[in-house]
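Here is the structure we will look at.
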Amino acid sequence: MKDKLKLIWKLFCTFAVVGVTTFGGGYAMLPALQREVVDKRHWASDEEIMDWYAIGQCTPGVIAVNTATFVGQKQAGALGGIVATLGVVFPSLVIITIIAAFIQNFAHLPVVQKAFSGIRVCVCVLILNAVVKLWKKSVVDWKAFIIFLVVFAGSVFLDISPVLYVVAAAVAGIVIKELVERKA
């Protein structure tokens, strides 16, 4: 029981650190999640975390929050999922509450507007970094590259729900793998 409580506390603290040290929303948290969950704590493999990102993308809510729930559940069951989720959102709730109390008083100031402009650029870089890491692990052969191109083109030119892209990519992966195995 003592070990389980230590693990629960460690889940909360780990995800609270992720929540408080990353800015820009769920996608900006992906590199921090990768570092904490896969590299540092070894709570998941690269493949598991990518699967959870994919599932987290097509389920309601923020991808980082959904991923925290998956990790917590894997480590300590339903309670672990709840605690990890609370850990990742708690810092944001506190910070947003404080900012909301004061933002109207300062949002018009040029220095605040310039700061937000710089922060947006930084968040774009963090998201691009996460995309590059996911690319290296996901697009490993020509079949994956074809799926990538089709989904990318569709997302640029069509206004379709991301859930449909995920489902279509899953079906394409199954079909392509089956065809390749049959040829072998």
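Residues in the structure tokens are numbered from 1 in each chain, the chains being A, B, ... in the order shown, and ligands are numbered from 1 in the order shown.
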
Give one line per residue of region 62-138 of chain A that approaches region 44-57 of chain A to at most 10 Å, naming the two atoms of the closest pair and their distance in Å to one decimal, counting only C-alpha atoms; sort by chain then ascending residue number and deliver it as a tab-separated table.
residue	atom	partner	partner_atom	distance
A:Val62	CA	A:Gly56	CA	7.3
A:Ile63	CA	A:Gly56	CA	4.7
A:Ala64	CA	A:Gly56	CA	7.4
A:Val65	CA	A:Gly56	CA	8.1
A:Asn66	CA	A:Gly56	CA	5.1
A:Thr67	CA	A:Trp52	CA	5.7
A:Ala68	CA	A:Trp52	CA	9.1
A:Thr69	CA	A:Gly56	CA	9.4
A:Phe70	CA	A:Trp52	CA	6.9
A:Val71	CA	A:Ala44	CA	7.4
A:Lys74	CA	A:Ala44	CA	8.7
A:Gln75	CA	A:Ala44	CA	9.3
A:Leu134	CA	A:Met50	CA	7.3
A:Lys137	CA	A:Asp46	CA	7.8
A:Ser138	CA	A:Met50	CA	8.2

Kindly export the residues of the current selection with C-alpha atoms, as a PDB file, in the first residue's frame.
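Output (result.pdb):
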ATOM      1  CA  VAL A  62      -6.376  18.068 -24.689  1.00  0.00           C
ATOM      2  CA  ILE A  63      -3.861  15.545 -26.036  1.00  0.00           C
ATOM      3  CA  ALA A  64      -1.452  16.008 -23.098  1.00  0.00           C
ATOM      4  CA  VAL A  65      -4.219  15.533 -20.546  1.00  0.00           C
ATOM      5  CA  ASN A  66      -5.436  12.389 -22.297  1.00  0.00           C
ATOM      6  CA  THR A  67      -1.881  11.048 -22.469  1.00  0.00           C
ATOM      7  CA  ALA A  68      -1.391  11.723 -18.747  1.00  0.00           C
ATOM      8  CA  THR A  69      -4.545   9.736 -18.075  1.00  0.00           C
ATOM      9  CA  PHE A  70      -3.252   6.780 -20.126  1.00  0.00           C
ATOM     10  CA  VAL A  71       0.134   6.809 -18.380  1.00  0.00           C
ATOM     11  CA  LYS A  74      -1.078   2.023 -16.887  1.00  0.00           C
ATOM     12  CA  GLN A  75       1.041   2.664 -13.801  1.00  0.00           C
ATOM     13  CA  LEU A 134       7.312  11.814 -33.933  1.00  0.00           C
ATOM     14  CA  LYS A 137       9.744   7.270 -35.032  1.00  0.00           C
ATOM     15  CA  SER A 138       6.622   7.000 -37.202  1.00  0.00           C
TER      16      SER A 138
END

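Near Asp3 (chain A), within a cut-off of 12 Å and counting only C-alpha atoms, sit the residues Ile8, Trp9, Lys10, Gln75 and Ala76 of chain A, with same-chain residues fewer than 5 positions away left out.
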
Can I get the selection written as a PDB file, in the first residue's frame, with N, CA, C and O atoms?
ATOM      1  N   ILE A   8       1.533   6.936  -6.672  1.00  0.00           N
ATOM      2  CA  ILE A   8       0.464   7.912  -6.930  1.00  0.00           C
ATOM      3  C   ILE A   8       1.015   9.329  -6.761  1.00  0.00           C
ATOM      4  O   ILE A   8       0.772  10.202  -7.598  1.00  0.00           O
ATOM      5  N   TRP A   9       1.764   9.558  -5.689  1.00  0.00           N
ATOM      6  CA  TRP A   9       2.353  10.875  -5.451  1.00  0.00           C
ATOM      7  C   TRP A   9       3.348  11.227  -6.554  1.00  0.00           C
ATOM      8  O   TRP A   9       3.409  12.359  -7.025  1.00  0.00           O
ATOM      9  N   LYS A  10       4.153  10.251  -6.974  1.00  0.00           N
ATOM     10  CA  LYS A  10       5.137  10.476  -8.038  1.00  0.00           C
ATOM     11  C   LYS A  10       4.427  10.825  -9.356  1.00  0.00           C
ATOM     12  O   LYS A  10       4.889  11.691 -10.101  1.00  0.00           O
ATOM     13  N   GLN A  75       0.167   2.815 -14.956  1.00  0.00           N
ATOM     14  CA  GLN A  75       1.041   2.664 -13.801  1.00  0.00           C
ATOM     15  C   GLN A  75       0.302   2.278 -12.520  1.00  0.00           C
ATOM     16  O   GLN A  75       0.819   1.518 -11.720  1.00  0.00           O
ATOM     17  N   ALA A  76      -0.912   2.827 -12.335  1.00  0.00           N
ATOM     18  CA  ALA A  76      -1.578   2.629 -11.035  1.00  0.00           C
ATOM     19  C   ALA A  76      -3.090   2.496 -11.151  1.00  0.00           C
ATOM     20  O   ALA A  76      -3.814   2.851 -10.226  1.00  0.00           O
TER      21      ALA A  76
END

Q.
Report, in Å with one decimal, the straight-line distance from CA of Ala168 (chain A) to CA of Asn129 (chain A).
A.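 These atoms are spaced 25.3 Å apart.
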